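Colleague: Can you read through this structure? Questions will come right after.
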Amino acid sequence: MAFIKSLTFLGVLFLSSCSIGAQDKVIRIYQDADRSNHIGSAVAIERGILTALDEVEYQVAGYAIEFVPLDHRGNVLRSKRNYDAFLADDDALIIFSGIHSPPLIRNRKFINENKALTMVPWAAGAPITRYPSSENWIFRVSLDDSRAGRQLVDYALDTVRCAAPHLLLENTPWGASNLVAMSDRLEERDIRPLSVTRFGMNLKDSGADILLQKIAREGNDCILLVGNAIEGGAIVSAMADASPETKMPIISHWGITGGGFFDMVGADRFSRVDLSFVQSCFSFNTELMTSLGEKVLKRAVKLFPDIEGASDVSSPVGFIHAYDATRILLAAIGQAGLSGNMMEDRNAVRKALESLAQPVKGLVKTYNKPFGVYEENLRPNAHEALGPEDYCMAEYNLAGDIVLDQRGADR
Amino acid sequence: MINRTSTSDRHSVLQQYLLFTAVSFAVFLVVVSSIIIPKVQSTYADFLLSTNTLALDLEVQDVKIFVDDRVTVLRDIASQQPVITAAMLADGQSLEASSLLNSSKILGTSAPLILFDIDGLVLYSTEATDSEAEAAVHQMARSILSDQIPQTVELVENSSGTYLLIAVPVLYGAGTEGILGTVLPFKVADIVATGLREGAAAVKLSTERTTLSWGTERIVDPFSQNSQIEPYGITLTLINDITPFKNQEAELIKSYSVSLAIAALVAFAFITLVGFRLIIAPFQQLLATDAELSRQRRDLQLIFDNVPVRIWYKDDKNRILRLNREAANSMGRKVENTEGQDTYDLFPEMAKKYHDDDLAVINSGKAMLGIVEEYTPVDGERGWVRTDKVPFVDEENGERGVFVVSQDITDVIAAQEDLRDSEERFALAAQGASVGIWDWIDVNDDKEYWSPQFFKLLGYENEEIEANLSVFRDLLHPDDHEHTFAALDAHFTRKEPFDAEYRLKTKQGSYRWFRGSGQASWDEEGRAVRMVGSVQDIHTLKSAEKNLTAALAEQSELTNRLSTIIDTAADAIIIIDPKGAIQTFNKSAQKLFGYSEAEVTGKNVRILMPDPDKGQHDGYLTNYLSTKKPKIIGMGREVTGRRKHGDKFPMELSVGEISENSATAGFVGIIRDISARVKAEQILQGHVKDLARSNADLEQFAYIASHDLKAPLRGIMNLADWIQENIQETADEETNSYLSLLKNRISRLESLLAGLLEYSRVGEGSDKLAKTDLNMLVEVAADLLEAQNKGFEINCELPAIVCSSSEMNQIFQNLISNTVKHNEAAPCRVEIGCSLGDGEYVFRFEDRGIGIPEDMWDKVFKMFQTLKPRDQVEGSGMGLAIVKKIVTRRGGRIWIEEPVDGSGVAFCFSFPKVEKK
């Protein structure tokens with residue numbers, strides 16, 4: 001069975017990269033993600049895109065669609081190089097990003113100036129979609145730190161009943177954007193003084209342990225974590241292994257769910273740690289699965305050999321957001337039509353995204369005018385397809401599946 | 001001799017033995033040295049190598065640790081989160097990163113740290129550093145990025161110092177996200193091990209780009225080894241000075257060698273002494289014995305080889321075991337390739353017989369002596385040998401065989417046979433030749449031996465009558481008694497040959513002529529003791545002799561007459577045999593040639609001839625005898641003879657062949673001396689030459705005279721004209737007449753000179769011969785002379801012939817002119833004809849004019865000859881002379897004939913026919 005699925009998967013890859021090339025009219029959808037250190041998230045996004053494309057048989061507006069995955073490995077310079085490659089391709093319409101916010105934040109100016117139409121299905125850094133110009137080329141179907149941060153703070157204070165939360169943030173622009181959002185909300189909720197630790201990339205368990213001990217010694221009773229799977233894994237592992245005096249709940253940004261996080265920590269440790277994280281309100285592992293969700297899962301099972309059921313969809317938010325984003329994109333292309341001139345088509349699609357006439361049914365929700373024209377002060381969230389109403393708290397069960405937090409549901 | 005030989009051999013052996021031990025000693029030393037010295041060297045080299053390798057390994061460890069430590073520290077810094085974050089975000093402004101880097105030291109050394117992004121651009125640099133070193137680090141960063149290598153290490157040395165450059169990647173996850181580099185100042189001496197620093201060693205650290213040296217200036221004789229310091233690509237070369245080491249090695253080799261040499265010397269001395277006692281002394285003794293045995297054997301061999309009999313031993317299997325040279329020679333073989341051969345292979349025909357004999361001897365054990373057998377040598381005629389065969393048994397190995405001695409007795413057998421043959425031959429000859437033999441065994445006794453033939457000659461049966469001197473005396477004719485016994489006496493006493501003819505009475509009672517001859521033998525005192533002789537019946541011969549004597553007398557008479565004729569002949573007569581030997585040389589010949597008859601008789605007739613006949617005469621004879629083609633025989637010929645004293649003379653020789661029974665028996669030559677005649681001819685020839693020369697001179701003179709005289713003559717004519725003009729009016733008739741006469745004489749003289757000149761020029765002009773139409777030629781000549789105008793009729797019927805046209809023109813012009821001059825008063829007809837006969841043309845020029853008296857016919861051809869006075873007929877008198885000269889010069893003749901019908905004259909001349917080439 002698995003063998004046949006493998007063959008099918010190879011066939012899909014072949015179709016996606018080659019057979020369609022036989023058709024003259026082609027558009028290419030690029031993906032610029034960390035396919036090395038956070039490959040789980042990158043693959044989840046890719047699968048979401050491919051599943052949506054499979055639904056339209058890789059055809060839109062008379063053009064065949066090809067998918068081109070690129071790897072920036074988290075490095076902003078490499079990401080810029082990938083954008084250069086995208087821009088050099090006359091058939092490249094749009095580029096999907098990956099889990100990391102820094103490349104997008106660092107290169108935001110470059111992206112907008114070069115009119116590189118970008119869809120963000122995961123990275124949550126607040127500045128990403130807020131380029132100070134009415135001609136904004138970056139759209140997001142994901143969480144927005146500026147608003148998720150508030151939600152995390154509220155969840156920590158209200159649900160977890162944390163009195164002295166500690167902000168443990170990645171020392172990157174992403175971490176910085178969360179620092180702003182969370183500190184604002186903590187200040188609003190009168191939590192003073194602000195207790196913050198920034199950590200760099202490559203944090204290891206030992207380093208994390210020292211950090212945690214320090215945080216515990218400072219009298220904090222929960223941790224608001226912003227980090228990716230690698231460093232997050234180190235921190236969660238350290239927390240699981242920490243002494244009872246040090247142990248405290250971790251309320252995390254969803255960045256940790258990208259790429260092998262559960263396996264890195266291990267089920268045993270998960271049993272010894274209180275971890276919840278924010279994400280969009282959809283899970284394949286829920287009794288409330290929509291009929292679309294079931295169809296999509298079926299298609300994913302058909303397309304990808306290692307997916308046999310909902311549990312096998314790892315880093316599901318990447319899949320879900322990418323799927324929804326692709327559906328929105330296809331709708332926009334359908335609305336704008338394609339001329340073959342990619343400079344024109346990118347702009348037309350950008351405008352169509354900002355003015356989608358028809359609602360688009362997605363996994364998280366049905367998107368009714370998901371985007372509008374961005375205006376820095378008046379409409380700062382115009383390029384955000386999801387809002388706080390779409391954010392839910394979630395946790396891993398011991399099987400490694402993400403399940404929506406009943407506490408949030410209760411709320 | 002034996003002693004000397006063996007002594008010298010013994011010396012030689014001793015010398016060789018000593019030489020052998022000395023050479024062995026030397027070889028031993030060389031071999032052992034060649035094993036030990038390299039072994040010592042190799043051991044030392046191994047020791048040096050291992051020592052050095054150990055030092056090198058230690059040093060490599062030290063340097064590796066030095067570099068490892070620094071690389072590790074740099075890696076640690078590169079793995080720090082702020083550094084990774086700065087690299088990932090390409091953020092050089094990161095405070096965390098910059099403060100981390102600024103505060104980082106590398107093992108206590110403050111060194112510049114440079115962070116590069118993945119494009120190889122500097123993100124952050126802690127402090128300014130050596131620009132060359134920084135550029136190198138930059139390059140290293142790029143190579144890490146492009147080649148994905150874990151780190152690079154480089155060395156730089158410049159004026160500001162020595163640097164170790166290290167660059168390591170900034171790793172995040174599986175990838176390189178930036179490069180961290182450092183420029184570490186260091187000193188090579190600091191990282192060299194303490195042991196080395198104190199020793200006499202040097203170190204080199206090198207990369208592809210740079211080589212750093214430490215202490216190399218101390219090294220005199222370097223021995224270096226190197227090793228890579230992995231994974232940094234640094235080569236460490238350890239250099240040791242091996243001078244002290246080599247000295248030590250040389251010292252050891254020297255001490256080893258000396259010890260070895262002394263030990264070997266003692267050992268060899270001992271071996272030499274023992275060897276001499278145990279081996280050389282007995283061996284020398286053996287040599288002496290062997291030399292004696294050899295000499296004996298040589299002597300035996302000498303005898304064996306040189307004895308003039310054939311000796312060989314054969315075994316019972318018929319193999320020749322040994323043989324001497326004489327035996328081998330008799331087979332035409334050599335000793336060395338005959339020994340061991342089977343006789344069946346050597347002389348297959350006789351081998352069986354010989355082998356049978358051999359086996360008989362071997363088996364019986366009894367010698368077989370005096371076997372006389374025929375044999376055929378390989379390359380010779382058949383011969384005889386006398387052979388003795390003696391059996392032998394070799395006691396040692398039990399071999400049986402036969403010892404054969406054989407001697408060539410061919411000469412003995414031949415002598416026996418010759419004697420027998422001779423006797424037989426003599427008897428047969430005596431019988432066939434009607435010769436009887438007698439043997440007066442003792443001349444003092446009456447008794448004789450008469451052969452049967454003797455009796456038979458006398459008509460008796462053998463021994464029918466007694467054979468003794470008395471009977472002989474009785475049978476002897478009384479008339480022959482005296483001279484026969486006188487001859488016998490003369491033979492006995494003076495040893496004159498006894499050969500007498502006498503008559504003996506036969507049984508029939510008649511006497512027959514016999515010729516008796518014999519030979520006596522004398523004792524030491526010269527007395528005849530025995531006489532043997534023969535009688536031959538010569539009765540028939542004696543009768544024939546009588547008849548012959550009568551015939552000879554007659555022939556002698558004839559011969560005498562002929563001799564007389566020959567001797568009295570005035571001409572020399574010489575008779576030679578077919579080979580040229582002179583048989584007869586008569587008196588005239590003796591007188592003529594100056595030889596006596598005795599001098600030349602039997603000698604080759606060549607001696608009478610000068611060269612070249614002398615050398616060729618035998619050839620002439622041989623040629624004639626074989627071909628019978630005569631060149632001189634049967635005809636006369638003038639040849640040159642040679643007298644005894646060498647002077648030559650002309651002679652007329654006629655030769656005749658003398659035949660006997662149709663074969664050439666000789667030649668007779670009759671010779672007449674013609675010296676006088678030849679001399680007269682030579683004188684005549686001289687006169688002819690003189691005459692020709694004289695004529696030529698005369699002609700030359702005539703030419704010169706006539707030519708040179710013409711000019712003054714012309715002058716005289718002119719003077720005469722001028723005189724006549726001057727005196728024309730005053731001169732009387734007589735004077736005028738004289739002047740006319742003068743001028744007339746001058747004209748005649750001119751004419752004479754012209755004729756003379758023309759005559760002398762005959763033959764000077766072109767002698768070119770060409771076919772010429774003579775009719776045309778005559779016509780032109782006649783026209784020129786206006787002959788027809790003057791009333792002459794010229795008929796000519798002439799051929800076209802090859803001739804000189806100018807000469808022919810002259811001839812006809814002169815002849816026509818001659819006719820015209822003499823017949824001007826009564827012009828006549830001229831007939832000119834030509835006939836071809838016997839190789840010449842004969843022309844006939846005939847006019848019907850006044851003719852020429854017959855007595856003048858010869859004279860008309862002479863110069864200046866005119867028939868009439870010149871006053872009557874003007875002419876030079878040269879015309880016909882010129883014609884004659886032309887004709888005779890061409891080998892023709894000219895003459896005058898009676899005209900056909902009585903009047904006129906006919907000039908005839910002949911011209912040899914010339915064929916145009």
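The way I read the labels, and the way they are meant: chains A, B, ... in the order of the structure tokens, residue 1 as the first residue of every chain, and ligand 1 as the first ligand shown, with later ones counted on from there.
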So that I can see what lies close to Ala357 of chain A, please list as an MDAnalysis selection string the residues with an atom at most 10 Å from it, counting only C-alpha atoms and leaving out residues fewer than 3 positions away in the same chain.
Modeller: chainID A and resid 331:332 335 352:354 360 368:369
Colleague: Output the contact residues of chain B with respect to chain A at a cut-off of 10 Å, based on only C-alpha atoms, as JSON, numbers by chain.
Modeller: {"B": [79, 80, 81, 82, 83, 84, 85, 86, 87, 88, 89, 90, 91, 94, 96, 97, 117, 118, 119, 171, 172, 173, 174, 175, 176, 177, 178]}
Colleague: Take the residues from that selection and write them out as a short mmCIF file (atom, residue, chain, number, x, y, z; two decimals), in the first residue's frame, keeping C-alpha atoms.
Modeller:
```
data_model
loop_
_atom_site.label_atom_id
_atom_site.label_comp_id
_atom_site.auth_asym_id
_atom_site.auth_seq_id
_atom_site.Cartn_x
_atom_site.Cartn_y
_atom_site.Cartn_z
CA SER B 79 28.19 28.72 17.05
CA GLN B 80 27.10 31.42 19.44
CA GLN B 81 23.45 32.39 18.92
CA PRO B 82 24.10 36.09 18.31
CA VAL B 83 26.66 35.21 15.70
CA ILE B 84 24.33 32.74 13.99
CA THR B 85 21.44 35.14 14.20
CA ALA B 86 23.53 37.96 12.78
CA ALA B 87 24.62 35.69 9.97
CA MET B 88 21.12 34.40 9.32
CA LEU B 89 19.67 37.85 9.29
CA ALA B 90 22.72 39.30 7.53
CA ASP B 91 22.69 41.78 10.35
CA SER B 94 23.41 43.31 15.84
CA GLU B 96 24.52 41.07 20.73
CA ALA B 97 26.73 39.78 17.95
CA ASP B 117 27.56 36.69 5.25
CA ILE B 118 26.80 33.94 2.76
CA ASP B 119 27.70 36.24 -0.07
CA LEU B 171 26.55 26.75 11.00
CA TYR B 172 22.85 26.63 11.56
CA GLY B 173 21.08 23.37 11.22
CA ALA B 174 22.63 21.61 8.29
CA GLY B 175 23.84 24.69 6.48
CA THR B 176 26.53 27.28 6.42
CA GLU B 177 24.96 30.62 7.08
CA GLY B 178 28.07 32.74 7.33
#
```
Colleague: Skip Cys803 of chain B itself and residues of its chain fewer than 6 positions away, then list as a ChimeraX atom specification all residues within 7 Å of it, counting only C-alpha atoms.
Modeller: /B:769-772
Colleague: Can you write out the residues you just picked, keeping N, CA and C atoms, as an mmCIF file, in the first residue's frame?
Modeller:
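The result, stored in again_13.cif:
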```
data_model
loop_
_atom_site.group_PDB
_atom_site.id
_atom_site.type_symbol
_atom_site.label_atom_id
_atom_site.label_comp_id
_atom_site.auth_asym_id
_atom_site.auth_seq_id
_atom_site.Cartn_x
_atom_site.Cartn_y
_atom_site.Cartn_z
ATOM 1 N N LEU B 769 85.687 19.813 -108.852
ATOM 2 C CA LEU B 769 85.152 18.990 -109.928
ATOM 3 C C LEU B 769 83.640 19.025 -109.868
ATOM 4 N N ALA B 770 83.032 19.192 -111.041
ATOM 5 C CA ALA B 770 81.578 19.215 -111.103
ATOM 6 C C ALA B 770 81.163 18.710 -112.469
ATOM 7 N N LYS B 771 79.954 18.229 -112.467
ATOM 8 C CA LYS B 771 79.457 17.735 -113.768
ATOM 9 C C LYS B 771 79.259 18.950 -114.689
ATOM 10 N N THR B 772 79.881 18.874 -115.833
ATOM 11 C CA THR B 772 79.901 20.048 -116.729
ATOM 12 C C THR B 772 79.421 19.649 -118.131
#
```
Colleague: Taking 6 positions as the minimum chain separation for residues in the same chain, which residues sit within 10 Å of segment 322-331 of chain B when counting only C-alpha atoms? Answer as a VMD selection string.
Modeller: chain B and resid 301 to 315 337 to 341 346 to 347 376 to 380 403 to 408
Colleague: Output C-alpha atoms for every residue in that selection, as a short mmCIF file (atom, residue, chain, number, x, y, z; two decimals), in the first residue's frame.
Modeller:
```
data_model
loop_
_atom_site.label_atom_id
_atom_site.label_comp_id
_atom_site.auth_asym_id
_atom_site.auth_seq_id
_atom_site.Cartn_x
_atom_site.Cartn_y
_atom_site.Cartn_z
CA GLN B 301 103.20 -42.45 -27.32
CA LEU B 302 106.13 -41.12 -29.31
CA ILE B 303 107.19 -44.63 -30.14
CA PHE B 304 103.65 -45.71 -30.77
CA ASP B 305 103.03 -42.82 -33.12
CA ASN B 306 106.29 -42.93 -34.99
CA VAL B 307 106.97 -46.60 -35.41
CA PRO B 308 106.57 -47.31 -39.16
CA VAL B 309 104.14 -50.12 -38.59
CA ARG B 310 100.42 -49.92 -38.05
CA ILE B 311 99.36 -50.83 -34.58
CA TRP B 312 95.91 -50.94 -33.15
CA TYR B 313 93.92 -52.74 -30.50
CA LYS B 314 90.42 -53.79 -31.09
CA ASP B 315 88.00 -55.24 -28.63
CA ASN B 337 88.23 -39.52 -34.82
CA THR B 338 89.03 -43.16 -35.42
CA GLU B 339 89.36 -44.40 -31.85
CA GLY B 340 86.11 -45.91 -30.69
CA GLN B 341 84.89 -46.49 -34.24
CA LEU B 346 85.56 -47.55 -41.58
CA PHE B 347 86.14 -50.23 -44.24
CA THR B 376 93.05 -50.92 -50.52
CA PRO B 377 94.05 -47.72 -48.83
CA VAL B 378 91.47 -44.92 -48.91
CA ASP B 379 93.27 -42.87 -51.48
CA GLY B 380 95.73 -45.23 -53.04
CA PHE B 403 96.48 -56.41 -30.67
CA VAL B 404 97.19 -55.94 -34.35
CA VAL B 405 100.53 -55.02 -35.87
CA SER B 406 100.55 -54.55 -39.58
CA GLN B 407 103.28 -53.63 -41.99
CA ASP B 408 102.97 -52.48 -45.56
#
```
Colleague: Please run DSSP on the backbone and report, as a compact mmCIF listing (two decimals) with N, CA and C atoms, in the first residue's frame, all residues within segment 432-497 of chain B that come out as alpha helix (DSSP H).
Modeller:
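In the end it all went to states38.txt:
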```txt
# COMPACT_ATOMS: atom_id res chain seq x y z
N GLY B 432 110.28 -64.45 -79.14
CA GLY B 432 109.64 -63.73 -80.25
C GLY B 432 110.66 -63.08 -81.15
N PRO B 452 116.85 -72.57 -74.93
CA PRO B 452 116.23 -73.42 -75.95
C PRO B 452 116.17 -72.73 -77.31
N GLN B 453 115.94 -71.37 -77.27
CA GLN B 453 115.83 -70.62 -78.52
C GLN B 453 117.13 -70.67 -79.29
N PHE B 454 118.28 -70.70 -78.54
CA PHE B 454 119.60 -70.76 -79.16
C PHE B 454 119.70 -72.03 -80.01
N PHE B 455 119.29 -73.13 -79.33
CA PHE B 455 119.32 -74.41 -80.07
C PHE B 455 118.43 -74.33 -81.29
N LYS B 456 117.25 -73.73 -81.10
CA LYS B 456 116.26 -73.66 -82.17
C LYS B 456 116.79 -72.87 -83.35
N LEU B 457 117.52 -71.75 -83.03
CA LEU B 457 118.07 -70.92 -84.11
C LEU B 457 119.06 -71.71 -84.97
N LEU B 469 131.82 -73.74 -75.21
CA LEU B 469 132.59 -72.86 -76.07
C LEU B 469 133.20 -73.64 -77.25
N SER B 470 133.58 -74.82 -76.99
CA SER B 470 134.20 -75.63 -78.05
C SER B 470 133.22 -75.86 -79.19
N VAL B 471 132.03 -76.23 -78.85
CA VAL B 471 131.01 -76.45 -79.89
C VAL B 471 130.81 -75.15 -80.67
N PHE B 472 130.68 -74.01 -79.94
CA PHE B 472 130.52 -72.70 -80.58
C PHE B 472 131.64 -72.46 -81.57
N ARG B 473 132.88 -72.75 -81.08
CA ARG B 473 134.06 -72.53 -81.93
C ARG B 473 133.94 -73.38 -83.20
N ASP B 474 133.45 -74.61 -83.07
CA ASP B 474 133.31 -75.49 -84.23
C ASP B 474 132.28 -74.98 -85.20
N LEU B 475 131.20 -74.44 -84.69
CA LEU B 475 130.10 -73.99 -85.55
C LEU B 475 130.45 -72.67 -86.24
N PRO B 478 134.85 -70.13 -90.48
CA PRO B 478 136.30 -69.88 -90.35
C PRO B 478 136.66 -68.41 -90.60
N ASP B 479 135.94 -67.78 -91.55
CA ASP B 479 136.28 -66.38 -91.87
C ASP B 479 135.95 -65.43 -90.73
N ASP B 480 135.03 -65.90 -89.88
CA ASP B 480 134.59 -65.00 -88.80
C ASP B 480 135.32 -65.30 -87.49
N HIS B 481 136.11 -66.28 -87.49
CA HIS B 481 136.78 -66.73 -86.27
C HIS B 481 137.60 -65.63 -85.62
N GLU B 482 138.39 -65.04 -86.46
CA GLU B 482 139.39 -64.11 -85.92
C GLU B 482 138.73 -62.86 -85.29
N HIS B 483 137.86 -62.24 -86.06
CA HIS B 483 137.33 -60.95 -85.54
C HIS B 483 136.38 -61.18 -84.37
N THR B 484 135.76 -62.36 -84.38
CA THR B 484 134.84 -62.63 -83.26
C THR B 484 135.61 -62.78 -81.95
N PHE B 485 136.66 -63.59 -81.99
CA PHE B 485 137.41 -63.80 -80.75
C PHE B 485 138.23 -62.58 -80.37
N ALA B 486 138.60 -61.79 -81.42
CA ALA B 486 139.30 -60.53 -81.12
C ALA B 486 138.36 -59.60 -80.32
N ALA B 487 137.15 -59.58 -80.78
CA ALA B 487 136.17 -58.73 -80.08
C ALA B 487 135.96 -59.22 -78.65
N LEU B 488 135.92 -60.56 -78.49
CA LEU B 488 135.74 -61.13 -77.16
C LEU B 488 136.92 -60.79 -76.25
N ASP B 489 138.05 -60.86 -76.82
CA ASP B 489 139.25 -60.52 -76.06
C ASP B 489 139.23 -59.05 -75.65
N ALA B 490 138.88 -58.21 -76.64
CA ALA B 490 138.82 -56.76 -76.36
C ALA B 490 137.81 -56.47 -75.23
N HIS B 491 136.74 -57.26 -75.23
CA HIS B 491 135.73 -57.05 -74.17
C HIS B 491 136.29 -57.45 -72.81
N PHE B 492 136.95 -58.64 -72.78
CA PHE B 492 137.51 -59.12 -71.52
C PHE B 492 138.58 -58.20 -70.98
N THR B 493 139.47 -57.77 -71.90
CA THR B 493 140.63 -57.03 -71.42
C THR B 493 140.36 -55.54 -71.32
N ARG B 494 139.68 -54.99 -72.33
CA ARG B 494 139.56 -53.52 -72.33
C ARG B 494 138.10 -53.07 -72.07
```
Colleague: Might you pull out every residue within 10 Å of Tyr449 of chain B, with only C-alpha atoms counted and same-chain residues fewer than 3 positions away left off, and present them as a count of residues only?
Modeller: 13
Colleague: Can you pull out the residues contacting Val73 of chain B? Cut-off 10 Å, using only C-alpha atoms, and skip same-chain residues under 4 positions away; I want them as a PyMOL selection string.
Modeller: chain B and resi 67-69+77-79+104-107
Colleague: May I ask for the distance between atom CA of Ala351 of chain B and atom CA of Asn397 of chain B, given in Å to one decimal place?
Modeller: 25.6 Å
Colleague: Report as number ranges by chain all protein, DNA and RNA residues lying within 12 Å of Ile37 of chain B, evaluated on only C-alpha atoms, omitting residues in the same chain fewer than 5 positions from it.
Modeller: B: 29-32, 42-45, 249-257, 260
Colleague: With N, CA and C atoms retained, could you export that selection as a CSV table (one decimal), in the first residue's frame?
Modeller:
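Contents of the output file out.csv:
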```
chain,number,residue,atom,x,y,z
B,29,LEU,N,86.9,-10.2,2.5
B,29,LEU,CA,86.8,-8.8,3.1
B,29,LEU,C,85.8,-8.0,2.3
B,30,VAL,N,85.9,-8.1,1.0
B,30,VAL,CA,85.0,-7.3,0.1
B,30,VAL,C,83.5,-7.7,0.4
B,31,VAL,N,83.3,-9.0,0.4
B,31,VAL,CA,81.9,-9.5,0.6
B,31,VAL,C,81.4,-9.1,1.9
B,32,VAL,N,82.2,-9.4,3.0
B,32,VAL,CA,81.7,-9.0,4.3
B,32,VAL,C,81.5,-7.5,4.4
B,42,SER,N,72.3,1.1,6.8
B,42,SER,CA,70.9,1.0,6.8
B,42,SER,C,70.3,1.1,8.2
B,43,THR,N,71.0,0.4,9.2
B,43,THR,CA,70.6,0.5,10.5
B,43,THR,C,70.6,1.9,11.0
B,44,TYR,N,71.7,2.6,10.7
B,44,TYR,CA,71.8,4.0,11.1
B,44,TYR,C,70.7,4.8,10.5
B,45,ALA,N,70.5,4.6,9.2
B,45,ALA,CA,69.5,5.3,8.5
B,45,ALA,C,68.1,5.1,9.1
B,249,GLU,N,78.5,7.3,12.4
B,249,GLU,CA,78.3,6.2,11.6
B,249,GLU,C,79.6,5.8,11.0
B,250,ALA,N,80.4,6.7,10.5
B,250,ALA,CA,81.7,6.4,9.9
B,250,ALA,C,82.6,5.8,10.9
B,251,GLU,N,82.6,6.3,12.1
B,251,GLU,CA,83.4,5.8,13.2
B,251,GLU,C,83.1,4.4,13.5
B,252,LEU,N,81.8,4.0,13.5
B,252,LEU,CA,81.4,2.7,13.8
B,252,LEU,C,81.9,1.7,12.7
B,253,ILE,N,81.7,2.2,11.4
B,253,ILE,CA,82.1,1.3,10.3
B,253,ILE,C,83.6,1.1,10.3
B,254,LYS,N,84.3,2.1,10.7
B,254,LYS,CA,85.7,2.0,10.8
B,254,LYS,C,86.1,1.0,11.8
B,255,SER,N,85.6,1.1,13.0
B,255,SER,CA,85.9,0.1,14.1
B,255,SER,C,85.5,-1.3,13.7
B,256,TYR,N,84.4,-1.5,13.1
B,256,TYR,CA,83.9,-2.8,12.6
B,256,TYR,C,84.9,-3.3,11.6
B,257,SER,N,85.3,-2.5,10.7
B,257,SER,CA,86.1,-3.0,9.5
B,257,SER,C,87.5,-3.4,10.1
B,260,LEU,N,87.1,-6.7,11.9
B,260,LEU,CA,86.9,-7.7,10.9
B,260,LEU,C,88.1,-8.1,10.2
```
Colleague: In terms of the shortest atom-to-atom distance over only C-alpha atoms, which of A:Arg35, A:Arg217, A:His253, A:Arg28 is closest to Leu53 of chain A?
Modeller: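 Of A:Arg35, A:Arg217, A:His253, A:Arg28, the one nearest Leu53 of chain A is A:Arg28, counting only C-alpha atoms.
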Colleague: Rounded to one decimal, what separation in Å do you get between atom CA of Leu236 of chain B and atom CA of Ile191 of chain B?
Modeller: 11.7 Å
Colleague: Using only C-alpha atoms for the distances, tell me which of A:Leu212, A:Ala238, A:Ile27, A:Ile94 is nearest to Val196 of chain A.
Modeller: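 Among the listed residues, the smallest separation from Val196 of chain A belongs to A:Leu212.
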Colleague: Give the answer as one residue: which of B:Leu836, B:Ile896, B:Ala553, B:Ala825 has the shortest atom-to-atom distance to Val860 of chain B, using only C-alpha atoms?
Modeller: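 Among the listed residues, the smallest separation from Val860 of chain B belongs to B:Ile896.
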Colleague: Counting only C-alpha atoms, which of A:Pro249, A:Gly98, A:Pro69, A:Pro132 gets nearest to Arg379 of chain A?
Modeller: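 That would be A:Pro132, the residue with the smallest distance to Arg379 of chain A.
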